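entry14.txt, holding compact mmCIF, C-alpha atoms and all ligand atoms:
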# COMPACT_ATOMS: atom_id res chain seq x y z
CA LEU A 1 1.64 1.71 12.69
CA HIS A 2 4.55 -0.64 13.34
CA LEU A 3 7.25 1.58 11.84
CA ALA A 4 10.23 1.89 14.12
CA GLY A 5 10.57 5.60 13.34
CA LYS A 6 14.04 6.61 14.44
CA TYR A 7 16.39 3.67 14.10
CA ILE A 8 17.25 1.62 17.18
CA GLN A 9 19.62 -1.37 17.18
CA ILE A 10 17.79 -4.38 15.71
CA ASP A 11 19.02 -6.86 18.33
CA GLY A 12 16.28 -9.42 17.87
CA VAL A 13 16.87 -9.63 14.15
CA MET A 14 20.62 -9.98 14.50
CA ALA A 15 20.22 -12.88 16.92
CA ASN A 16 17.54 -14.56 14.87
CA ARG A 17 18.54 -14.82 11.22
CA THR A 18 15.70 -13.84 8.87
CA ASP A 19 14.84 -15.32 5.45
CA VAL A 20 14.88 -12.10 3.44
CA TRP A 21 16.40 -8.74 4.17
CA ILE A 22 15.00 -6.11 1.82
CA ARG A 23 16.96 -2.87 1.57
CA GLY A 24 14.81 0.03 0.45
CA GLY A 25 11.22 1.04 1.22
CA GLY A 26 10.08 2.32 -2.18
CA VAL A 27 7.49 0.62 -4.36
CA ALA A 28 10.02 -2.10 -5.34
CA GLY A 29 11.02 -2.99 -1.76
CA LEU A 30 7.55 -2.84 -0.22
CA THR A 31 5.90 -4.83 -3.01
CA ALA A 32 8.66 -7.46 -2.81
CA ALA A 33 8.21 -7.56 0.99
CA TRP A 34 4.47 -8.10 0.51
CA HIS A 35 4.86 -11.03 -1.86
CA CYS A 36 7.69 -12.64 0.15
CA HIS A 37 5.62 -12.36 3.34
CA LYS A 38 2.60 -13.84 1.55
CA ALA A 39 4.82 -16.72 0.39
CA GLY A 40 5.58 -17.53 4.03
CA LEU A 41 9.06 -16.01 4.24
CA ARG A 42 10.27 -14.01 7.25
CA VAL A 43 11.04 -10.50 6.02
CA VAL A 44 12.97 -7.55 7.44
CA LEU A 45 12.91 -4.28 5.50
CA THR A 46 15.24 -1.37 6.21
CA ASP A 47 15.48 2.06 4.63
CA THR A 48 18.30 4.54 5.15
CA GLY A 49 15.73 7.31 4.69
CA THR A 50 11.99 7.00 5.14
CA ILE A 51 9.31 4.97 3.34
CA GLY A 52 8.69 6.55 -0.07
CA SER A 53 11.55 9.03 0.17
CA GLY A 54 12.91 8.00 -3.26
CA ALA A 55 11.38 8.08 -6.74
CA SER A 56 8.33 6.19 -5.47
CA GLY A 57 7.23 9.25 -3.52
CA ALA A 58 5.88 10.85 -6.73
CA TRP A 59 2.71 12.55 -5.52
CA TRP A 60 0.41 10.67 -7.86
CA ALA A 61 1.40 7.89 -10.22
CA LEU A 62 -0.48 5.92 -12.84
CA MET A 63 -0.77 2.17 -12.90
CA ASN A 64 -1.32 2.34 -16.64
CA PRO A 65 -1.08 -0.92 -18.58
CA ALA A 66 -1.46 1.02 -21.88
CA THR A 67 1.32 3.60 -21.96
CA GLY A 68 3.10 5.28 -24.85
CA VAL A 69 2.08 6.05 -28.41
CA ASN A 70 1.57 2.38 -29.35
CA PRO A 71 0.20 0.66 -26.25
CA THR A 72 0.89 -3.09 -26.23
CA PRO A 73 0.59 -5.40 -23.23
CA VAL A 74 3.89 -6.19 -21.47
CA ALA A 75 4.57 -9.77 -20.36
CA GLY A 76 3.07 -10.39 -16.94
CA ILE A 77 0.63 -7.46 -17.06
CA ARG A 78 -2.40 -9.56 -16.07
CA GLN A 79 -0.64 -10.96 -13.03
CA ALA A 80 0.54 -7.44 -12.12
CA MET A 81 -3.00 -6.02 -12.18
CA VAL A 82 -4.36 -8.96 -10.19
CA GLY A 83 -1.55 -8.59 -7.62
CA PHE A 84 -2.26 -4.88 -7.20
CA GLU A 85 -6.00 -5.45 -6.86
CA LEU A 86 -5.51 -8.18 -4.26
CA MET A 87 -3.31 -5.81 -2.25
CA ARG A 88 -5.88 -3.02 -2.57
CA ASN A 89 -8.63 -5.33 -1.31
CA GLU A 90 -6.57 -6.67 1.56
CA LEU A 91 -5.57 -3.15 2.61
CA GLY A 92 -9.25 -2.18 2.67
CA LEU A 93 -8.68 0.50 0.04
CA ASP A 94 -11.60 -0.38 -2.21
CA GLY A 95 -13.43 2.82 -3.08
CA VAL A 96 -10.90 5.02 -1.29
CA GLY A 97 -10.67 8.35 -3.16
CA TRP A 98 -6.94 8.37 -3.58
CA ILE A 99 -6.99 5.23 -5.69
CA ARG A 100 -9.10 5.88 -8.77
CA ALA A 101 -10.06 3.42 -11.41
CA GLY A 102 -9.83 4.32 -15.09
CA ILE A 103 -7.49 6.48 -17.16
CA TRP A 104 -8.52 8.52 -20.20
CA ARG A 105 -6.06 9.07 -23.03
CA PRO A 106 -7.12 11.80 -25.50
CA ALA A 107 -5.73 11.24 -29.01
CA LEU A 108 -4.09 14.65 -29.35
CA ASP A 109 -2.35 14.04 -32.68
CA ALA A 110 -2.41 11.66 -35.63
CA ALA A 111 0.25 9.38 -34.14
CA LEU A 112 -1.66 8.90 -30.88
CA GLU A 113 -4.93 8.44 -32.77
CA LYS A 114 -3.45 5.70 -34.91
CA GLY A 115 -1.68 3.99 -32.02
CA PHE A 116 -4.76 4.07 -29.77
CA ALA A 117 -7.11 2.72 -32.46
CA LYS A 118 -4.67 -0.12 -33.09
CA ALA A 119 -4.40 -0.87 -29.37
CA ALA A 120 -8.17 -0.96 -28.92
CA ALA A 121 -8.41 -3.49 -31.76
CA ASN A 122 -5.49 -5.64 -30.52
CA PRO A 123 -6.85 -9.03 -29.32
CA GLU A 124 -3.79 -9.52 -27.06
CA TRP A 125 -5.40 -7.16 -24.54
CA PRO A 126 -7.59 -8.82 -21.91
CA ALA A 127 -11.29 -8.26 -22.69
CA GLY A 128 -12.68 -5.02 -21.33
CA TRP A 129 -9.37 -3.35 -20.49
CA LEU A 130 -9.32 -0.81 -23.35
CA ARG A 131 -11.96 0.98 -25.40
CA MET A 132 -11.66 3.56 -28.18
CA ASP A 133 -14.35 6.23 -27.99
CA ARG A 134 -15.33 9.27 -29.99
CA PRO A 135 -13.89 12.64 -28.93
CA MET A 136 -15.10 13.61 -25.47
CA HIS A 137 -16.77 16.97 -24.90
CA GLY A 138 -14.44 19.08 -22.77
CA LEU A 139 -11.27 17.34 -23.94
CA ALA A 140 -9.05 18.00 -26.95
CA GLY A 141 -8.13 15.30 -29.40
CA ASN A 142 -9.69 13.22 -32.10
CA GLY A 143 -10.93 10.29 -30.08
CA LEU A 144 -10.30 8.94 -26.61
CA LEU A 145 -8.71 5.71 -25.44
CA ARG A 146 -10.34 4.64 -22.20
CA VAL A 147 -7.97 2.52 -20.16
CA VAL A 148 -10.67 0.94 -18.04
CA ALA A 149 -8.19 -1.31 -16.21
CA GLY A 150 -5.82 1.53 -15.17
CA TYR A 151 -5.48 3.29 -11.83
CA ALA A 152 -4.25 6.60 -10.48
CA VAL A 153 -2.61 6.20 -7.08
CA ASP A 154 -1.54 8.66 -4.39
CA MET A 155 1.84 7.04 -3.89
CA ARG A 156 2.76 8.29 -0.46
CA LEU A 157 -0.54 7.08 0.97
CA TRP A 158 -0.26 3.77 -0.90
CA LEU A 159 3.26 3.10 0.39
CA THR A 160 2.32 4.12 3.94
CA ALA A 161 -0.70 1.80 3.86
CA VAL A 162 1.38 -1.12 2.56
CA ALA A 163 4.09 -0.53 5.21
CA ALA A 164 1.51 -0.27 8.00
CA TRP A 165 -0.20 -3.50 6.90
CA LEU A 166 3.12 -5.37 6.72
CA GLY A 167 4.07 -4.05 10.15
CA GLU A 168 0.79 -5.32 11.59
CA GLN A 169 1.52 -8.74 10.08
CA GLY A 170 4.84 -8.87 11.93
CA VAL A 171 7.19 -7.79 9.13
CA ASP A 172 10.02 -5.76 10.68
CA ILE A 173 10.22 -2.37 8.99
CA HIS A 174 12.87 0.08 10.11
CA GLU A 175 13.46 3.59 8.79
CA GLN A 176 16.58 5.75 9.09
CA VAL A 177 18.87 2.78 9.48
CA PRO A 178 22.51 3.79 8.95
CA PRO A 179 23.79 2.43 5.60
CA HIS A 180 26.61 0.40 7.21
CA HIS A 181 24.19 -1.61 9.35
CA THR A 182 23.65 -5.21 8.24
CA VAL A 183 20.89 -7.69 9.01
CA ALA A 184 21.63 -11.42 9.27
CA ALA A 185 19.58 -12.96 6.47
CA THR A 186 19.58 -15.93 4.12
CA ASN A 187 18.85 -13.58 1.19
CA GLN A 188 19.49 -9.89 0.69
CA VAL A 189 17.41 -7.95 -1.85
CA ASP A 190 18.62 -4.51 -2.92
CA CYS A 191 15.73 -2.22 -3.82
CA VAL A 192 17.70 0.93 -3.13
CA GLY A 193 16.79 3.07 -6.16
CA THR A 194 19.58 5.42 -7.25
CA ALA A 195 21.97 4.02 -4.58
CA LEU A 196 22.37 0.97 -6.84
CA LEU A 197 24.23 3.16 -9.38
CA HIS A 198 27.07 3.60 -6.88
CA ASP A 199 27.29 -0.02 -5.71
CA PRO A 200 30.20 -1.81 -7.48
CA ALA A 201 28.46 -5.16 -6.86
CA TRP A 202 25.82 -4.20 -9.44
CA ALA A 203 27.97 -2.25 -11.95
CA HIS A 204 27.43 -5.01 -14.55
CA LEU A 205 23.70 -4.14 -14.78
CA LYS A 206 24.54 -0.98 -16.81
CA LEU A 207 21.85 1.20 -15.28
CA HIS A 208 21.24 4.88 -15.83
CA PRO A 209 19.29 7.60 -13.99
CA ILE A 210 16.36 9.56 -15.45
CA LYS A 211 15.13 12.60 -13.63
CA GLY A 212 11.41 13.34 -13.58
CA GLN A 213 9.52 16.35 -12.29
CA LEU A 214 5.93 16.95 -11.23
CA ARG A 215 4.01 20.14 -10.59
CA GLU A 216 0.98 20.95 -8.51
CA ILE A 217 -1.02 23.64 -10.29
CA VAL A 218 -4.09 25.75 -9.60
CA VAL A 219 -6.12 26.04 -12.78
CA ASP A 220 -8.63 28.49 -14.17
CA GLY A 221 -10.82 27.63 -17.18
CA ILE A 222 -11.70 23.97 -16.57
CA ARG A 223 -15.13 22.90 -15.38
CA GLY A 224 -16.07 19.52 -14.04
CA HIS A 225 -14.19 16.50 -12.75
CA TYR A 226 -12.02 14.24 -14.81
CA PRO A 227 -10.55 10.82 -14.30
CA ALA A 228 -6.76 10.61 -14.60
CA LEU A 229 -5.66 11.90 -18.02
CA SER A 230 -2.63 10.73 -19.96
CA ALA A 231 -1.50 11.71 -23.44
CA ARG A 232 2.08 12.92 -23.57
CA GLY A 233 2.55 13.21 -19.82
CA TYR A 234 -0.19 12.77 -17.23
CA ALA A 235 -2.59 14.97 -15.26
CA ILE A 236 -4.58 14.10 -12.16
CA GLN A 237 -7.27 16.35 -10.79
CA THR A 238 -7.07 16.38 -7.00
CA ASP A 239 -9.66 19.12 -6.35
CA SER A 240 -12.03 21.23 -8.48
CA ASP A 241 -9.21 23.63 -9.48
CA ARG A 242 -6.07 21.62 -8.52
CA TRP A 243 -4.08 19.18 -10.58
CA ILE A 244 -0.86 17.20 -10.33
CA ILE A 245 0.91 17.15 -13.69
CA GLY A 246 4.01 15.39 -14.97
CA SER A 247 6.48 14.42 -15.94
CA THR A 248 9.82 15.22 -17.54
CA TYR A 249 12.39 12.71 -18.85
CA GLU A 250 15.77 14.29 -18.20
CA HIS A 251 18.84 12.25 -19.06
CA ASP A 252 21.34 15.05 -18.40
CA PHE A 253 21.04 16.72 -15.04
CA THR A 254 23.30 17.86 -12.24
CA ASP A 255 21.04 17.55 -9.21
CA SER A 256 17.78 15.91 -8.20
CA GLU A 257 16.00 19.13 -7.21
CA PRO A 258 12.94 20.52 -9.00
CA ASP A 259 13.82 23.17 -11.55
CA ALA A 260 11.41 26.03 -12.36
CA ALA A 261 12.74 26.09 -15.94
CA TYR A 262 10.50 23.06 -16.64
CA ASP A 263 7.25 24.73 -15.47
CA ALA A 264 6.32 25.96 -18.96
CA TYR A 265 7.10 22.58 -20.58
CA LEU A 266 4.77 20.74 -18.20
CA ILE A 267 2.03 23.36 -18.33
CA ASP A 268 2.05 23.39 -22.15
CA ARG A 269 1.54 19.65 -22.22
CA PHE A 270 -1.31 20.00 -19.72
CA ARG A 271 -3.01 22.78 -21.72
CA ALA A 272 -2.90 20.63 -24.83
CA LEU A 273 -5.43 18.29 -23.18
CA PHE A 274 -8.21 20.90 -23.39
CA PRO A 275 -9.79 22.68 -26.38
CA GLN A 276 -10.33 25.99 -24.54
CA PRO A 277 -7.73 28.40 -23.13
CA VAL A 278 -6.63 27.36 -19.65
CA SER A 279 -4.44 29.29 -17.23
CA ALA A 280 -2.32 27.57 -14.58
CA THR A 281 -0.28 28.74 -11.60
CA VAL A 282 2.38 26.48 -10.12
CA VAL A 283 1.94 25.97 -6.37
CA GLY A 284 4.25 23.00 -5.82
CA ARG A 285 7.26 21.32 -7.44
CA TRP A 286 8.63 17.82 -6.94
CA ALA A 287 11.45 15.86 -8.56
CA GLY A 288 12.69 12.28 -8.33
CA VAL A 289 15.22 10.09 -10.07
CA ARG A 290 14.14 6.73 -11.46
CA ILE A 291 16.41 4.03 -12.86
CA GLY A 292 16.39 2.78 -16.43
CA SER A 293 18.12 -0.35 -17.72
CA HIS A 294 20.12 -0.56 -20.96
CA ASN A 295 17.30 -2.39 -22.79
CA ARG A 296 14.41 -0.63 -20.98
CA GLN A 297 13.37 -3.90 -19.34
CA PRO A 298 12.87 -4.12 -15.57
CA VAL A 299 15.54 -6.09 -13.72
CA LEU A 300 15.30 -8.83 -11.12
CA ALA A 301 18.96 -9.81 -10.82
CA ARG A 302 20.69 -12.50 -8.82
CA HIS A 303 24.32 -11.67 -8.16
CA PRO A 304 26.61 -13.80 -10.39
CA GLU A 305 29.07 -14.57 -7.56
CA ASP A 306 26.92 -14.31 -4.44
CA GLY A 307 23.69 -16.24 -5.09
CA SER A 308 22.13 -14.99 -1.84
CA ARG A 309 22.12 -11.41 -3.15
CA TRP A 310 19.38 -10.01 -5.38
CA ALA A 311 18.42 -6.64 -6.82
CA ILE A 312 15.19 -5.19 -8.16
CA THR A 313 15.69 -2.14 -10.35
CA GLY A 314 15.13 -0.62 -13.79
CA LEU A 315 11.45 0.06 -13.12
CA GLY A 316 11.66 3.23 -15.24
CA SER A 317 8.35 5.06 -15.17
CA LYS A 318 6.29 1.89 -14.53
CA GLY A 319 7.07 1.29 -10.86
CA LEU A 320 3.58 0.10 -9.88
CA ILE A 321 3.40 -2.46 -12.68
CA TYR A 322 6.95 -3.80 -12.70
CA SER A 323 7.24 -4.00 -8.90
CA GLN A 324 4.29 -6.43 -8.97
CA ILE A 325 5.79 -8.60 -11.71
CA LEU A 326 9.27 -8.70 -10.14
CA GLY A 327 8.06 -8.95 -6.52
CA GLN A 328 5.92 -11.99 -7.38
CA ASP A 329 8.79 -13.49 -9.37
CA LEU A 330 11.23 -12.99 -6.48
CA ALA A 331 8.90 -14.67 -3.97
CA ASN A 332 8.49 -17.63 -6.37
CA ARG A 333 12.20 -18.01 -6.89
CA LEU A 334 13.02 -17.80 -3.17
CA THR A 335 10.40 -20.37 -2.24
CA ASN A 336 11.11 -22.73 -5.19
CA PRO A 337 14.88 -22.52 -5.53
C1 LIG A 401 8.42 12.18 -11.84
C2 LIG A 401 8.08 10.74 -11.58
C3 LIG A 401 6.89 10.24 -12.05
C4 LIG A 401 6.56 8.92 -11.82
N1 LIG A 401 5.38 8.44 -12.32
C5 LIG A 401 5.08 7.14 -12.16
C6 LIG A 401 3.87 6.61 -12.72
O1 LIG A 401 3.07 7.30 -13.32
N2 LIG A 401 3.60 5.29 -12.52
C7 LIG A 401 4.45 4.48 -11.80
O2 LIG A 401 4.15 3.28 -11.67
N3 LIG A 401 5.58 4.97 -11.26
C8 LIG A 401 5.92 6.27 -11.42
N4 LIG A 401 7.07 6.76 -10.86
C9 LIG A 401 7.91 5.87 -10.01
C10 LIG A 401 8.92 5.16 -10.88
O3 LIG A 401 8.21 4.13 -11.52
C11 LIG A 401 10.15 4.55 -10.21
O4 LIG A 401 10.75 3.68 -11.13
C12 LIG A 401 9.93 3.76 -8.95
O5 LIG A 401 9.36 4.55 -7.95
C13 LIG A 401 11.25 3.19 -8.41
O6 LIG A 401 11.01 2.54 -7.17
P1 LIG A 401 12.16 1.89 -6.34
O7 LIG A 401 11.52 1.29 -5.16
O8 LIG A 401 13.00 1.05 -7.22
O9 LIG A 401 13.13 3.10 -5.91
P2 LIG A 401 12.91 4.29 -4.88
O10 LIG A 401 11.50 4.70 -4.78
O11 LIG A 401 13.89 5.35 -5.27
O12 LIG A 401 13.29 3.67 -3.47
C14 LIG A 401 14.58 3.43 -3.02
C15 LIG A 401 14.59 3.49 -1.51
O13 LIG A 401 15.82 2.91 -1.06
C16 LIG A 401 16.28 3.66 0.03
N5 LIG A 401 17.74 3.40 0.15
C17 LIG A 401 18.77 3.96 -0.52
N6 LIG A 401 19.95 3.41 -0.13
C18 LIG A 401 19.63 2.46 0.80
C19 LIG A 401 20.41 1.52 1.57
N7 LIG A 401 21.74 1.45 1.46
N8 LIG A 401 19.75 0.72 2.43
C20 LIG A 401 18.41 0.77 2.56
N9 LIG A 401 17.64 1.64 1.86
C21 LIG A 401 18.24 2.46 0.99
C22 LIG A 401 15.90 5.09 -0.30
O14 LIG A 401 15.83 5.87 0.88
C23 LIG A 401 14.52 4.89 -0.93
O15 LIG A 401 13.47 4.96 0.00
C24 LIG A 401 7.45 8.08 -11.09
C25 LIG A 401 8.66 8.58 -10.63
C26 LIG A 401 9.01 9.89 -10.90
C27 LIG A 401 10.32 10.39 -10.40
Could you quickly redo this structure as structure tokens?
Ligand SMILES: Cc1cc2nc3c(=O)[nH]c(=O)nc-3n(C[C@H](O)[C@H](O)[C@H](O)COP(=O)(O)OP(=O)(O)OC[C@H]3O[C@@H](n4cnc5c(N)ncnc54)[C@H](O)[C@@H]3O)c2cc1C
Amino acid sequence: LHLAGKYIQIDGVMANRTDVWIRGGGVAGLTAAWHCHKAGLRVVLTDTGTIGSGASGAWWALMNPATGVNPTPVAGIRQAMVGFELMRNELGLDGVGWIRAGIWRPALDAALEKGFAKAAANPEWPAGWLRMDRPMHGLAGNGLLRVVAGYAVDMRLWLTAVAAWLGEQGVDIHEQVPPHHTVAATNQVDCVGTALLHDPAWAHLKLHPIKGQLREIVVDGIRGHYPALSARGYAIQTDSDRWIIGSTYEHDFTDSEPDAAYDAYLIDRFRALFPQPVSATVVGRWAGVRIGSHNRQPVLARHPEDGSRWAITGLGSKGLIYSQILGQDLANRLTNP
């Protein structure tokens, strides 16, 4: 692992100007670093905390191309899936248990049933990505949308693997760098998560924070093993009786800590996935704050006055997908100005 651990003065970098300085080691920063490195650019990445210490450190996250009640493909989704799969292959993570292919979406109510059936029949979806099936024994709902192309990802392991690979390729990655430290670079890319909200340089982006919480639960009453489940909220089985469930969408909050008051809300949504009574005990709580943009679109911004400064933000709850689209776009724009 080429992580510098505790920060030490980056003398070499200061003397030798780099092409791209990426601030922030979440999914946005690391994915951008990957694509810039692949495009032949020299990259330095710094984080004031540690890799994955922001919203990207959600225990498990879905790379789900078909989210919401009416799943429709977002622009760039094909290229995002291909980018992710190329990374997974290059990292040697094919068949590794903490990246699982396929997501099942039980149609728990009439709105989901209608939306899923429409999605499965929508020819805009790449062939083989979605399939509507009859109700599945062991799951609630009137029908099941199988998102064949989706993935469930253990985010901390994913981010650590990406950082380690980049380090081995000679990308400078430094954690716990004091915020006032600067790196001499032709381009600076801010992938700093919630810190962007407090940076006057980016005030014009009109961003807002959304808090989300996850729970780890021990469950009684469920037999068998399930792929990642997603209806209203998601659930990932990590062991025969253990699940990670989430998440909340809190627009008004005073701190970024987990709050036990949301246990019942998350457990109710989990129980709704199964026809039989299920009991659950919370054994872990996690919270993170993701950034939303005013029009819910992800943002790759170039600063209006300083053209060497960029930001990637507004990934909302689709960090794995949008970081691919924007990271690839950034690398293209920096190499073909
Ligand atoms: C509850 C929850 C559930 C989620 N579920 C999903 C999901 O199912 N699918 C999915 O794709 N995504 C999911 N996510 C992730 C979500 O998509 C986020 O939008 C995404 O993680 C944001 O990534 P980011 O890299 O922009 O920010 P962050 O992950 O917040 O990273 C910002 C980084 O910048 C660092 N930093 C801050 N200031 C500075 C500075 N001055 N200099 C250098 N570094 C700095 C921080 O230490 C941090 O490491 C979830 C998040 C939450 C909270």
Neighbouring residues of Asp172 of chain A were defined as those with any atom within 7 Å, considering all atoms listed in the file; residues of the same chain fewer than 5 positions away were excluded. Please report them as a short mmCIF file (atom, residue, chain, number, x, y, z; two decimals) with C-alpha atoms, keeping the file's coordinate frame.
data_model
loop_
_atom_site.label_atom_id
_atom_site.label_comp_id
_atom_site.auth_asym_id
_atom_site.auth_seq_id
_atom_site.Cartn_x
_atom_site.Cartn_y
_atom_site.Cartn_z
CA VAL A 43 11.04 -10.50 6.02
CA VAL A 44 12.97 -7.55 7.44
CA LEU A 45 12.91 -4.28 5.50
CA GLY A 167 4.07 -4.05 10.15
#
For this session: Could you give me, as a count of residues only, every polymer residue with an atom at most 6 Å away from an atom of ligand LIG 401 (chain A), counting all atoms listed in the file?
Result: 44
Problem set entry | Close residues, segment 79-81 of chain A itself excluded, 8 Å, all atoms listed in the file, min 5 positions apart in chain, as a ChimeraX atom specification | /A:321-322,324-325
Exercise. Atom CA of Ile217 of chain A and atom CA of Asn142 of chain A are how many Å apart?
Worked result: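 Interatomic distance here is 25.7 Å.
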For this session: Determine the nearest neighbour of Ile22 of chain A from the options A:Pro135, A:Gly150, A:Gly327, A:Pro200, counting all atoms listed in the file.
Result: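 Residue with the minimum atom-to-atom distance to Ile22 of chain A: A:Gly327.
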For this session: Could you jot down the atom CA of Asn295 of chain A to atom CA of Leu205 of chain A separation for me, Å, one decimal place?
Result: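 Atom CA of Leu205 of chain A lies at a distance of 10.4 Å from atom CA of Asn295 of chain A.
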